[in-house]
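Since the structure comes first, as structure tokens, the remarks are kept for the end.
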Amino acid sequence: MALQDTSNSLQSWFAKNSINWVKSGMPLGTEIASTGKDSQRVSAGTTKHEETSWKSIDRVFKQLIKRGKPQDKTEL
């Protein structure tokens, strides 16, 4: 994930705490190799970029619920 004009600590936080749902012919939820400093990449279960959001939306919210609410601002 290229976050321009952001601090290294913010880039690191995003890499550890976000998921990039990407177009892929793999089944929904399959982990896709990333380049190391990027966020976790997961298949959205579609090969069309335009469909990635709505194809993965249920999984996105499941991840948000699973992670829960941050306990303090250092987690943000």
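Naming works like this for the structure tokens: A, B, ... for the chains as they're shown, residue 1 at the start of each chain, ligands 1 onward in shown order.
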Residue list (strand (DSSP E or B), DSSP) for chain A, as a PyMOL selection string: chain A and resi 19-22+31-32+40-43
Please produce a file of the residues just selected, as a PDB file, in the first residue's frame, where the atoms kept are N, CA, C and O atoms.
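Output file selection_15.pdb follows:
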```
ATOM      1  N   ILE A  19      -6.852  -4.804   5.717  1.00  0.00           N
ATOM      2  CA  ILE A  19      -6.929  -5.880   4.736  1.00  0.00           C
ATOM      3  C   ILE A  19      -7.321  -5.259   3.405  1.00  0.00           C
ATOM      4  O   ILE A  19      -8.259  -4.468   3.335  1.00  0.00           O
ATOM      5  N   ASN A  20      -6.597  -5.618   2.380  1.00  0.00           N
ATOM      6  CA  ASN A  20      -6.890  -5.146   1.035  1.00  0.00           C
ATOM      7  C   ASN A  20      -7.599  -6.277   0.297  1.00  0.00           C
ATOM      8  O   ASN A  20      -7.002  -7.306  -0.018  1.00  0.00           O
ATOM      9  N   TRP A  21      -8.887  -6.107   0.053  1.00  0.00           N
ATOM     10  CA  TRP A  21      -9.682  -7.115  -0.658  1.00  0.00           C
ATOM     11  C   TRP A  21      -9.463  -6.874  -2.143  1.00  0.00           C
ATOM     12  O   TRP A  21      -9.891  -5.865  -2.691  1.00  0.00           O
ATOM     13  N   VAL A  22      -8.779  -7.808  -2.807  1.00  0.00           N
ATOM     14  CA  VAL A  22      -8.319  -7.597  -4.176  1.00  0.00           C
ATOM     15  C   VAL A  22      -9.053  -8.500  -5.167  1.00  0.00           C
ATOM     16  O   VAL A  22      -9.575  -9.548  -4.799  1.00  0.00           O
ATOM     17  N   GLU A  31      -6.071 -15.906   1.095  1.00  0.00           N
ATOM     18  CA  GLU A  31      -4.981 -14.951   1.245  1.00  0.00           C
ATOM     19  C   GLU A  31      -4.125 -14.946  -0.013  1.00  0.00           C
ATOM     20  O   GLU A  31      -3.796 -15.992  -0.564  1.00  0.00           O
ATOM     21  N   ILE A  32      -3.779 -13.752  -0.463  1.00  0.00           N
ATOM     22  CA  ILE A  32      -2.962 -13.536  -1.654  1.00  0.00           C
ATOM     23  C   ILE A  32      -1.614 -12.989  -1.202  1.00  0.00           C
ATOM     24  O   ILE A  32      -1.551 -12.152  -0.295  1.00  0.00           O
ATOM     25  N   GLN A  40      -2.300  -6.961   4.459  1.00  0.00           N
ATOM     26  CA  GLN A  40      -2.688  -8.313   4.064  1.00  0.00           C
ATOM     27  C   GLN A  40      -3.597  -8.207   2.850  1.00  0.00           C
ATOM     28  O   GLN A  40      -4.494  -7.373   2.802  1.00  0.00           O
ATOM     29  N   ARG A  41      -3.358  -9.040   1.857  1.00  0.00           N
ATOM     30  CA  ARG A  41      -4.176  -9.049   0.647  1.00  0.00           C
ATOM     31  C   ARG A  41      -5.009 -10.317   0.640  1.00  0.00           C
ATOM     32  O   ARG A  41      -4.498 -11.412   0.836  1.00  0.00           O
ATOM     33  N   VAL A  42      -6.322 -10.157   0.406  1.00  0.00           N
ATOM     34  CA  VAL A  42      -7.255 -11.273   0.440  1.00  0.00           C
ATOM     35  C   VAL A  42      -8.154 -11.193  -0.794  1.00  0.00           C
ATOM     36  O   VAL A  42      -8.587 -10.107  -1.194  1.00  0.00           O
ATOM     37  N   SER A  43      -8.438 -12.347  -1.372  1.00  0.00           N
ATOM     38  CA  SER A  43      -9.294 -12.383  -2.557  1.00  0.00           C
ATOM     39  C   SER A  43     -10.716 -11.945  -2.227  1.00  0.00           C
ATOM     40  O   SER A  43     -11.311 -12.394  -1.253  1.00  0.00           O
TER      41      SER A  43
END
```
One number please: CA of Trp54 (chain A) to CA of Leu10 (chain A), in Å, one decimal. 27.1 Å
Within 7 Å of Lys23 (chain A), counting only C-alpha atoms, which residues qualify if same-chain residues fewer than 6 places away don't, as a ChimeraX atom specification? /A:43-49,52
What separation in Å, quoted to one decimal, exists between CA of Ser39 (chain A) and CA of Ser18 (chain A)?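 Between these atoms lies a distance of 5.7 Å.
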Got a sec to tell me which of chain A DSSP assigns to helix (DSSP H, G or I), as an NGL selection string? :A and (8-17 or 49-67 or 73-75)
